[in-house]
$ cat work_8.pdb   # PDB, C-alpha atoms
ATOM      1  CA  PHE A 796       4.412 -17.085  16.745  1.00  0.00           C
ATOM      2  CA  LEU A 797       6.740 -17.072  13.752  1.00  0.00           C
ATOM      3  CA  ILE A 798       8.916 -14.373  15.338  1.00  0.00           C
ATOM      4  CA  PHE A 799       9.413 -16.340  18.561  1.00  0.00           C
ATOM      5  CA  TYR A 800       9.722 -19.665  16.760  1.00  0.00           C
ATOM      6  CA  GLY A 801      12.298 -18.276  14.364  1.00  0.00           C
ATOM      7  CA  GLY A 802      14.297 -16.800  17.219  1.00  0.00           C
ATOM      8  CA  MET A 803      14.261 -19.939  19.369  1.00  0.00           C
ATOM      9  CA  PHE A 804      14.677 -22.705  16.815  1.00  0.00           C
ATOM     10  CA  ALA A 805      16.715 -21.100  14.039  1.00  0.00           C
ATOM     11  CA  PRO A 806      19.947 -23.001  13.248  1.00  0.00           C
ATOM     12  CA  GLN A 807      23.042 -21.626  14.907  1.00  0.00           C
ATOM     13  CA  GLY A 808      24.433 -18.664  12.991  1.00  0.00           C
ATOM     14  CA  THR A 809      21.160 -18.188  11.093  1.00  0.00           C
ATOM     15  CA  LYS A 810      18.552 -15.541  11.827  1.00  0.00           C
ATOM     16  CA  TYR A 811      14.871 -15.623  10.978  1.00  0.00           C
ATOM     17  CA  GLU A 812      15.248 -12.088   9.701  1.00  0.00           C
ATOM     18  CA  ASP A 813      15.389 -10.169   6.448  1.00  0.00           C
ATOM     19  CA  ILE A 814      18.796  -8.625   5.799  1.00  0.00           C
ATOM     20  CA  ASP A 815      17.065  -5.283   5.253  1.00  0.00           C
ATOM     21  CA  TYR A 816      15.714  -5.386   8.798  1.00  0.00           C
ATOM     22  CA  GLU A 817      19.277  -5.214  10.109  1.00  0.00           C
ATOM     23  CA  VAL A 818      19.805  -2.182   7.877  1.00  0.00           C
ATOM     24  CA  PHE A 819      16.622  -0.544   9.222  1.00  0.00           C
ATOM     25  CA  THR A 820      17.731  -1.137  12.797  1.00  0.00           C
ATOM     26  CA  ASN A 821      21.219   0.261  12.217  1.00  0.00           C
ATOM     27  CA  ALA A 822      19.739   3.399  10.660  1.00  0.00           C
ATOM     28  CA  SER A 823      17.377   3.778  13.621  1.00  0.00           C
ATOM     29  CA  ARG A 824      20.310   3.447  15.995  1.00  0.00           C
ATOM     30  CA  ALA A 825      22.207   6.148  14.098  1.00  0.00           C
ATOM     31  CA  ILE A 826      19.275   8.545  14.502  1.00  0.00           C
ATOM     32  CA  TYR A 827      18.826   7.596  18.154  1.00  0.00           C
ATOM     33  CA  GLU A 828      22.476   8.462  18.797  1.00  0.00           C
ATOM     34  CA  GLY A 829      22.084  11.899  17.212  1.00  0.00           C
ATOM     35  CA  GLY A 830      23.142  11.177  13.645  1.00  0.00           C
ATOM     36  CA  ASN A 831      21.114  10.539  10.505  1.00  0.00           C
ATOM     37  CA  ALA A 832      19.960   7.410   8.763  1.00  0.00           C
ATOM     38  CA  PHE A 833      22.266   7.796   5.779  1.00  0.00           C
ATOM     39  CA  GLU A 834      25.368   7.424   7.939  1.00  0.00           C
ATOM     40  CA  CYS A 835      24.785   3.720   7.333  1.00  0.00           C
ATOM     41  CA  ASP A 836      26.329   2.973   3.946  1.00  0.00           C
ATOM     42  CA  THR A 837      23.757   0.327   3.046  1.00  0.00           C
ATOM     43  CA  TYR A 838      20.660   2.386   3.936  1.00  0.00           C
ATOM     44  CA  ARG A 839      18.774   3.348   0.770  1.00  0.00           C
ATOM     45  CA  TYR A 840      15.300   3.937   2.157  1.00  0.00           C
ATOM     46  CA  THR A 841      13.247   6.864   3.387  1.00  0.00           C
ATOM     47  CA  PRO A 842      14.366   8.357   6.739  1.00  0.00           C
ATOM     48  CA  LEU A 843      10.727   8.088   7.837  1.00  0.00           C
ATOM     49  CA  LEU A 844      11.176   4.346   8.143  1.00  0.00           C
ATOM     50  CA  ALA A 845      14.191   4.730  10.421  1.00  0.00           C
ATOM     51  CA  TRP A 846      12.263   7.182  12.604  1.00  0.00           C
ATOM     52  CA  LEU A 847       9.281   4.838  12.662  1.00  0.00           C
ATOM     53  CA  LEU A 848      11.465   2.017  13.998  1.00  0.00           C
ATOM     54  CA  GLN A 849      13.017   3.965  16.881  1.00  0.00           C
ATOM     55  CA  PRO A 850      11.410   1.578  19.430  1.00  0.00           C
ATOM     56  CA  ASN A 851      13.720  -1.092  17.974  1.00  0.00           C
ATOM     57  CA  ILE A 852      16.504   0.662  19.889  1.00  0.00           C
ATOM     58  CA  PHE A 853      14.988   1.798  23.178  1.00  0.00           C
ATOM     59  CA  TRP A 854      12.287  -0.840  23.621  1.00  0.00           C
ATOM     60  CA  HIS A 855      12.662  -4.155  21.760  1.00  0.00           C
ATOM     61  CA  ARG A 856      14.490  -5.194  18.631  1.00  0.00           C
ATOM     62  CA  ASN A 857      11.448  -7.028  17.247  1.00  0.00           C
ATOM     63  CA  PHE A 858       9.159  -3.993  17.467  1.00  0.00           C
ATOM     64  CA  GLY A 859       9.408  -3.423  13.711  1.00  0.00           C
ATOM     65  CA  LYS A 860       8.397  -6.993  12.935  1.00  0.00           C
ATOM     66  CA  PHE A 861       5.297  -6.703  15.105  1.00  0.00           C
ATOM     67  CA  LEU A 862       4.522  -3.364  13.454  1.00  0.00           C
ATOM     68  CA  PHE A 863       4.770  -4.834   9.954  1.00  0.00           C
ATOM     69  CA  ILE A 864       2.594  -7.799  10.940  1.00  0.00           C
ATOM     70  CA  THR A 865      -0.027  -5.475  12.449  1.00  0.00           C
ATOM     71  CA  VAL A 866      -0.076  -3.340   9.315  1.00  0.00           C
ATOM     72  CA  ASP A 867      -0.382  -6.518   7.243  1.00  0.00           C
ATOM     73  CA  ILE A 868      -3.481  -7.559   9.204  1.00  0.00           C
ATOM     74  CA  CYS A 869      -4.924  -4.037   8.905  1.00  0.00           C
ATOM     75  CA  GLY A 870      -4.339  -4.257   5.157  1.00  0.00           C
ATOM     76  CA  ALA A 871      -6.262  -7.538   5.039  1.00  0.00           C
ATOM     77  CA  CYS A 872      -9.171  -5.944   6.927  1.00  0.00           C
ATOM     78  CA  LEU A 873      -9.177  -2.963   4.564  1.00  0.00           C
ATOM     79  CA  LEU A 874      -9.061  -5.259   1.528  1.00  0.00           C
ATOM     80  CA  HIS A 875     -12.000  -7.216   2.945  1.00  0.00           C
ATOM     81  CA  TYR A 876     -13.976  -4.000   3.468  1.00  0.00           C
ATOM     82  CA  ILE A 877     -13.228  -2.722  -0.047  1.00  0.00           C
ATOM     83  CA  MET A 878     -14.341  -5.992  -1.619  1.00  0.00           C
ATOM     84  CA  GLN A 879     -17.428  -6.254   0.566  1.00  0.00           C
ATOM     85  CA  THR A 880     -18.472  -2.701  -0.244  1.00  0.00           C
ATOM     86  CA  TYR A 881     -17.607  -2.399  -3.929  1.00  0.00           C
ATOM     87  CA  LEU A 882     -17.806  -5.857  -5.492  1.00  0.00           C
ATOM     88  CA  THR A 883     -20.982  -6.410  -7.465  1.00  0.00           C
ATOM     89  CA  ARG A 884     -23.554  -8.816  -6.108  1.00  0.00           C
ATOM     90  CA  ILE A 885     -22.798 -11.415  -8.774  1.00  0.00           C
ATOM     91  CA  HIS A 886     -19.475 -12.129  -7.076  1.00  0.00           C
ATOM     92  CA  PHE A 887     -21.320 -13.241  -3.956  1.00  0.00           C
ATOM     93  CA  GLN A 888     -23.873 -15.394  -5.784  1.00  0.00           C
ATOM     94  CA  ARG A 889     -21.390 -17.702  -7.467  1.00  0.00           C
ATOM     95  CA  LYS A 890     -20.401 -21.080  -6.069  1.00  0.00           C
ATOM     96  CA  ILE A 891     -16.894 -19.789  -5.328  1.00  0.00           C
ATOM     97  CA  HIS A 892     -17.325 -16.960  -2.838  1.00  0.00           C
ATOM     98  CA  CYS A 893     -14.773 -14.382  -4.029  1.00  0.00           C
ATOM     99  CA  LEU A 894     -14.789 -12.359  -0.812  1.00  0.00           C
ATOM    100  CA  LEU A 895     -14.102 -15.392   1.359  1.00  0.00           C
ATOM    101  CA  TRP A 896     -11.379 -16.899  -0.795  1.00  0.00           C
ATOM    102  CA  ILE A 897      -9.482 -13.686  -1.464  1.00  0.00           C
ATOM    103  CA  SER A 898      -9.415 -12.995   2.281  1.00  0.00           C
ATOM    104  CA  ILE A 899      -8.144 -16.521   2.957  1.00  0.00           C
ATOM    105  CA  ILE A 900      -5.490 -16.264   0.245  1.00  0.00           C
ATOM    106  CA  TRP A 901      -4.271 -12.988   1.742  1.00  0.00           C
ATOM    107  CA  LEU A 902      -4.248 -13.934   5.429  1.00  0.00           C
ATOM    108  CA  PHE A 903      -2.977 -17.506   5.087  1.00  0.00           C
ATOM    109  CA  ASN A 904      -0.518 -17.040   2.237  1.00  0.00           C
ATOM    110  CA  PRO A 905       2.859 -18.313   3.536  1.00  0.00           C
ATOM    111  CA  MET A 906       4.774 -15.799   1.442  1.00  0.00           C
ATOM    112  CA  ILE A 907       2.859 -12.814   2.835  1.00  0.00           C
ATOM    113  CA  PHE A 908       3.097 -13.604   6.537  1.00  0.00           C
ATOM    114  CA  THR A 909       6.675 -14.860   6.205  1.00  0.00           C
ATOM    115  CA  ILE A 910       7.804 -11.623   4.553  1.00  0.00           C
ATOM    116  CA  SER A 911       6.201  -9.501   7.282  1.00  0.00           C
ATOM    117  CA  SER A 912       7.426 -11.604  10.192  1.00  0.00           C
ATOM    118  CA  ARG A 913      11.003 -11.549   8.873  1.00  0.00           C
ATOM    119  CA  GLY A 914      11.026  -7.745   8.976  1.00  0.00           C
ATOM    120  CA  SER A 915      10.279  -6.575   5.435  1.00  0.00           C
ATOM    121  CA  CYS A 916       8.534  -3.197   5.169  1.00  0.00           C
ATOM    122  CA  ASP A 917       6.561  -4.172   2.057  1.00  0.00           C
ATOM    123  CA  SER A 918       3.403  -4.481   4.157  1.00  0.00           C
ATOM    124  CA  LEU A 919       3.521  -0.709   4.724  1.00  0.00           C
ATOM    125  CA  VAL A 920       3.655  -0.038   0.987  1.00  0.00           C
ATOM    126  CA  ILE A 921       0.792  -2.445   0.298  1.00  0.00           C
ATOM    127  CA  PHE A 922      -1.290  -0.823   3.031  1.00  0.00           C
ATOM    128  CA  PHE A 923      -0.689   2.637   1.560  1.00  0.00           C
ATOM    129  CA  ILE A 924      -1.740   1.375  -1.882  1.00  0.00           C
ATOM    130  CA  LEU A 925      -4.954  -0.079  -0.452  1.00  0.00           C
ATOM    131  CA  CYS A 926      -5.644   3.186   1.397  1.00  0.00           C
ATOM    132  CA  THR A 927      -5.136   5.066  -1.876  1.00  0.00           C
ATOM    133  CA  LEU A 928      -7.609   2.764  -3.597  1.00  0.00           C
ATOM    134  CA  TYR A 929     -10.087   3.197  -0.739  1.00  0.00           C
ATOM    135  CA  PHE A 930     -10.007   7.006  -0.987  1.00  0.00           C
ATOM    136  CA  ILE A 931     -10.304   6.883  -4.789  1.00  0.00           C
ATOM    137  CA  LEU A 932     -13.363   4.668  -4.518  1.00  0.00           C
ATOM    138  CA  ASN A 933     -14.806   7.167  -2.039  1.00  0.00           C
ATOM    139  CA  LYS A 934     -13.962  10.037  -4.448  1.00  0.00           C
ATOM    140  CA  GLN A 935     -11.645  11.674  -1.904  1.00  0.00           C
ATOM    141  CA  TYR A 936      -8.954  12.405  -4.451  1.00  0.00           C
ATOM    142  CA  TYR A 937      -6.900  14.827  -2.355  1.00  0.00           C
ATOM    143  CA  PHE A 938      -6.351  12.270   0.403  1.00  0.00           C
ATOM    144  CA  ALA A 939      -5.717   9.579  -2.202  1.00  0.00           C
ATOM    145  CA  GLY A 940      -3.046  11.738  -3.830  1.00  0.00           C
ATOM    146  CA  ILE A 941      -1.302  12.449  -0.528  1.00  0.00           C
ATOM    147  CA  LEU A 942      -1.164   8.762   0.352  1.00  0.00           C
ATOM    148  CA  TYR A 943      -0.027   7.759  -3.118  1.00  0.00           C
ATOM    149  CA  GLY A 944       2.834  10.268  -2.931  1.00  0.00           C
ATOM    150  CA  LEU A 945       3.784   8.815   0.449  1.00  0.00           C
ATOM    151  CA  CYS A 946       3.634   5.314  -1.008  1.00  0.00           C
ATOM    152  CA  VAL A 947       5.965   6.159  -3.913  1.00  0.00           C
ATOM    153  CA  HIS A 948       8.252   7.963  -1.451  1.00  0.00           C
ATOM    154  CA  PHE A 949       8.625   4.745   0.547  1.00  0.00           C
ATOM    155  CA  ARG A 950       9.253   2.541  -2.489  1.00  0.00           C
ATOM    156  CA  ILE A 951       9.515   3.716  -6.081  1.00  0.00           C
ATOM    157  CA  TYR A 952       7.831   0.724  -7.738  1.00  0.00           C
ATOM    158  CA  PRO A 953       4.178   1.640  -6.840  1.00  0.00           C
ATOM    159  CA  PHE A 954       4.375   4.346  -9.532  1.00  0.00           C
ATOM    160  CA  ILE A 955       3.319   1.592 -11.960  1.00  0.00           C
ATOM    161  CA  TYR A 956      -0.214   1.847 -10.527  1.00  0.00           C
ATOM    162  CA  ALA A 957      -0.532   5.525 -11.480  1.00  0.00           C
ATOM    163  CA  LEU A 958      -2.014   4.824 -14.912  1.00  0.00           C
ATOM    164  CA  CYS A 959      -4.528   2.363 -13.431  1.00  0.00           C
ATOM    165  CA  PHE A 960      -5.675   4.924 -10.867  1.00  0.00           C
ATOM    166  CA  VAL A 961      -5.918   7.687 -13.466  1.00  0.00           C
ATOM    167  CA  LEU A 962      -7.906   5.502 -15.866  1.00  0.00           C
ATOM    168  CA  PHE A 963     -10.276   4.471 -13.102  1.00  0.00           C
ATOM    169  CA  ILE A 964     -10.859   8.080 -12.053  1.00  0.00           C
ATOM    170  CA  SER A 965     -11.451   9.049 -15.682  1.00  0.00           C
ATOM    171  CA  HIS A 966     -13.784   6.092 -16.114  1.00  0.00           C
ATOM    172  CA  SER A 967     -15.789   7.112 -13.049  1.00  0.00           C
ATOM    173  CA  ASN A 968     -16.134  10.634 -14.400  1.00  0.00           C
ATOM    174  CA  LEU A 969     -17.475   9.376 -17.734  1.00  0.00           C
ATOM    175  CA  ILE A 970     -19.988   7.138 -15.989  1.00  0.00           C
ATOM    176  CA  GLU A 971     -21.227  10.054 -13.868  1.00  0.00           C
ATOM    177  CA  SER A 972     -21.411  12.261 -16.969  1.00  0.00           C
ATOM    178  CA  LYS A 973     -23.478   9.599 -18.693  1.00  0.00           C
ATOM    179  CA  LYS A 974     -25.929   9.581 -15.809  1.00  0.00           C
ATOM    180  CA  ASN A 975     -26.236  13.353 -16.197  1.00  0.00           C
ATOM    181  CA  ASN A 976     -26.600  13.011 -19.978  1.00  0.00           C
ATOM    182  CA  LYS A 977     -23.395  14.933 -20.544  1.00  0.00           C
ATOM    183  CA  ALA A 978     -21.314  12.297 -22.297  1.00  0.00           C
ATOM    184  CA  ILE A 979     -21.566   9.086 -24.289  1.00  0.00           C
ATOM    185  CA  ASP A 980     -21.366   5.676 -22.697  1.00  0.00           C
ATOM    186  CA  TYR A 981     -17.817   4.847 -21.616  1.00  0.00           C
ATOM    187  CA  ILE A 982     -18.121   1.353 -23.089  1.00  0.00           C
ATOM    188  CA  TYR A 983     -18.657   2.752 -26.593  1.00  0.00           C
ATOM    189  CA  ALA A 984     -16.322   5.733 -26.229  1.00  0.00           C
ATOM    190  CA  SER A 985     -13.395   5.965 -28.589  1.00  0.00           C
ATOM    191  CA  ARG A 986      -9.857   5.726 -27.297  1.00  0.00           C
ATOM    192  CA  TRP A 987      -9.373   9.404 -28.033  1.00  0.00           C
ATOM    193  CA  THR A 988     -12.409  10.245 -25.887  1.00  0.00           C
ATOM    194  CA  VAL A 989     -10.976   8.301 -22.971  1.00  0.00           C
ATOM    195  CA  ILE A 990      -7.502   9.850 -23.345  1.00  0.00           C
ATOM    196  CA  LYS A 991      -8.958  13.349 -23.696  1.00  0.00           C
ATOM    197  CA  SER A 992     -11.033  12.783 -20.582  1.00  0.00           C
ATOM    198  CA  MET A 993      -7.859  11.987 -18.623  1.00  0.00           C
ATOM    199  CA  PHE A 994      -6.345  15.385 -19.446  1.00  0.00           C
ATOM    200  CA  VAL A 995      -9.409  17.526 -18.807  1.00  0.00           C
ATOM    201  CA  ASN A 996     -10.775  15.727 -15.760  1.00  0.00           C
ATOM    202  CA  ILE A 997     -10.420  17.925 -12.665  1.00  0.00           C
ATOM    203  CA  ASN A 998     -10.376  14.843 -10.412  1.00  0.00           C
ATOM    204  CA  VAL A 999      -7.427  13.381 -12.308  1.00  0.00           C
ATOM    205  CA  TRP A1000      -5.549  16.660 -11.933  1.00  0.00           C
ATOM    206  CA  SER A1001      -6.414  16.837  -8.221  1.00  0.00           C
ATOM    207  CA  PHE A1002      -5.095  13.324  -7.637  1.00  0.00           C
ATOM    208  CA  GLY A1003      -1.989  13.848  -9.768  1.00  0.00           C
ATOM    209  CA  LEU A1004      -0.995  17.222  -8.345  1.00  0.00           C
ATOM    210  CA  MET A1005      -1.529  16.137  -4.736  1.00  0.00           C
ATOM    211  CA  SER A1006       0.551  13.003  -5.385  1.00  0.00           C
ATOM    212  CA  LEU A1007       3.337  15.097  -6.874  1.00  0.00           C
ATOM    213  CA  PHE A1008       3.142  17.657  -4.063  1.00  0.00           C
ATOM    214  CA  SER A1009       3.259  14.942  -1.387  1.00  0.00           C
ATOM    215  CA  PHE A1010       6.161  13.168  -3.077  1.00  0.00           C
ATOM    216  CA  ILE A1011       8.208  16.366  -3.494  1.00  0.00           C
ATOM    217  CA  CYS A1012       7.607  17.496   0.103  1.00  0.00           C
ATOM    218  CA  LEU A1013       8.660  14.142   1.530  1.00  0.00           C
ATOM    219  CA  ASN A1014      11.786  14.022  -0.605  1.00  0.00           C
TER     220      ASN A1014
END

$ encode --input "work_8.pdb" --output "structure tokens"
Amino acid sequence: FLIFYGGMFAPQGTKYEDIDYEVFTNASRAIYEGGNAFECDTYRYTPLLAWLLQPNIFWHRNFGKFLFITVDICGACLLHYIMQTYLTRIHFQRKIHCLLWISIIWLFNPMIFTISSRGSCDSLVIFFILCTLYFILNKQYYFAGILYGLCVHFRIYPFIYALCFVLFISHSNLIESKKNNKAIDYIYASRWTVIKSMFVNINVWSFGLMSLFSFICLN
């Protein structure tokens, strides 16, 4: 609705469109005509994005916007599933239902659906981050690493989540070790114990090396 509304009722000379979307489309056109994405002076993104938006050229210019919106909705569904599966029961017993309100804040946030409908690719990055979190929670660290490398390849800023992911993986390992009577409780562990666990944890290394491998291959 926003795409059609913005196209029909936008003031003359004004587009309901992110300036980067024009850059994406120009790069896609360059590839479609036999060149490469970086022939466009203003293109500073991964070539994968330009390839992904090829239908902008041979099908419809707004294909990318619909793609970003679809990915945004898929991200909301994945976020809902992660919260429903992994939140503790206390979150559902409170007067404010966390699962319901977080889903509403995501789906009906004007900033989120405006960004996607104007043609920003940030929804792809967010979806990759959520997929990474999903695989980490399922202890599938190789897949998580591959997706995280892809995510950082698309946009550099998600690297700030690396420490959070590593700490969570290390935390999970200490909790499992406690259940097997192989380590002290994580809550009472010293900082050195936590840091040492990060460097010797095979799951942390699996995630980190696969992320690095994925990032290097894509670059």

$ residues_around --input "work_8.pdb" --residues "A:Tyr936" --least-positions-apart "3" --cutoff "9 Å" --atoms "all atoms listed in the file" --output "VMD selection string"
chain A and resid 927 930 to 933 939 to 941 964 998 to 999 1001 to 1003 1005

$ closest_residue --input "work_8.pdb" --among "A:Ile826, A:Gly870, A:Thr820, A:Asp813" --to "A:Arg856" --atoms "all atoms listed in the file"
A:Thr820

$ closest_residue --input "work_8.pdb" --among "A:Gly830, A:Gly859, A:Pro842, A:Pro850" --to "A:Phe949" --atoms "all atoms listed in the file"
A:Pro842

$ closest_residue --input "work_8.pdb" --among "A:Leu919, A:Ile1011, A:Cys872, A:Ala825" --to "A:Tyr838" --atoms "only C-alpha atoms"
A:Ala825

$ atom_distance --input "work_8.pdb" --atom1 "atom CA of A:Ala845" --atom2 "atom CA of A:Glu817"
11.2 Å

$ atom_distance --input "work_8.pdb" --atom1 "atom CA of A:Ile924" --atom2 "atom CA of A:Leu958"
13.5 Å

$ residues_around --input "work_8.pdb" --residues "A:Val866" --least-positions-apart "4" --cutoff "10 Å" --atoms "only C-alpha atoms" --output "PyMOL selection string"
chain A and resi 860-862+870-872+911+916-923

$ atom_distance --input "work_8.pdb" --atom1 "atom CA of A:Tyr952" --atom2 "atom CA of A:Thr909"
20.9 Å

$ closest_residue --input "work_8.pdb" --among "A:Leu848, A:Met878, A:Val818, A:Cys1012" --to "A:Cys835" --atoms "all atoms listed in the file"
A:Val818

$ residues_near_point --input "work_8.pdb" --point "(25.8, 0.6, 2.3)" --cutoff "12 Å" --atoms "only C-alpha atoms" --output "PyMOL selection string"
chain A and resi 815+817-819+821-822+832-840

$ residues_near_point --input "work_8.pdb" --point "(6.2, 16.4, 0.7)" --cutoff "10 Å" --atoms "all atoms listed in the file" --output "list in words"
Ile941, Gly944, Leu945, His948, Met1005, Ser1006, Leu1007, Phe1008, Ser1009, Phe1010, Ile1011, Cys1012, Leu1013 and Asn1014 of chain A

$ write_last_selection --input "work_8.pdb" --atoms "C-alpha atoms" --output "mmCIF file, keeping the file's coordinate frame"
data_model
loop_
_atom_site.group_PDB
_atom_site.id
_atom_site.type_symbol
_atom_site.label_atom_id
_atom_site.label_comp_id
_atom_site.auth_asym_id
_atom_site.auth_seq_id
_atom_site.Cartn_x
_atom_site.Cartn_y
_atom_site.Cartn_z
ATOM 1 C CA ILE A 941 -1.302 12.449 -0.528
ATOM 2 C CA GLY A 944 2.834 10.268 -2.931
ATOM 3 C CA LEU A 945 3.784 8.815 0.449
ATOM 4 C CA HIS A 948 8.252 7.963 -1.451
ATOM 5 C CA MET A 1005 -1.529 16.137 -4.736
ATOM 6 C CA SER A 1006 0.551 13.003 -5.385
ATOM 7 C CA LEU A 1007 3.337 15.097 -6.874
ATOM 8 C CA PHE A 1008 3.142 17.657 -4.063
ATOM 9 C CA SER A 1009 3.259 14.942 -1.387
ATOM 10 C CA PHE A 1010 6.161 13.168 -3.077
ATOM 11 C CA ILE A 1011 8.208 16.366 -3.494
ATOM 12 C CA CYS A 1012 7.607 17.496 0.103
ATOM 13 C CA LEU A 1013 8.660 14.142 1.530
ATOM 14 C CA ASN A 1014 11.786 14.022 -0.605
#

$ resolve_selection --input "work_8.pdb" --expression "the PyMOL selection byres ((chain A and resi 812) around 8)" --output "list in words"
Lys810, Tyr811, Asp813, Ile814, Tyr816, Glu817, Ser912, Arg913 and Gly914 of chain A

$ closest_residue --input "work_8.pdb" --among "A:Ser965, A:Asn996, A:Asn831, A:Ser898" --to "A:Trp846" --atoms "all atoms listed in the file"
A:Asn831

$ closest_residue --input "work_8.pdb" --among "A:Tyr929, A:Phe853, A:Thr841, A:Thr865" --to "A:Tyr881" --atoms "all atoms listed in the file"
A:Tyr929
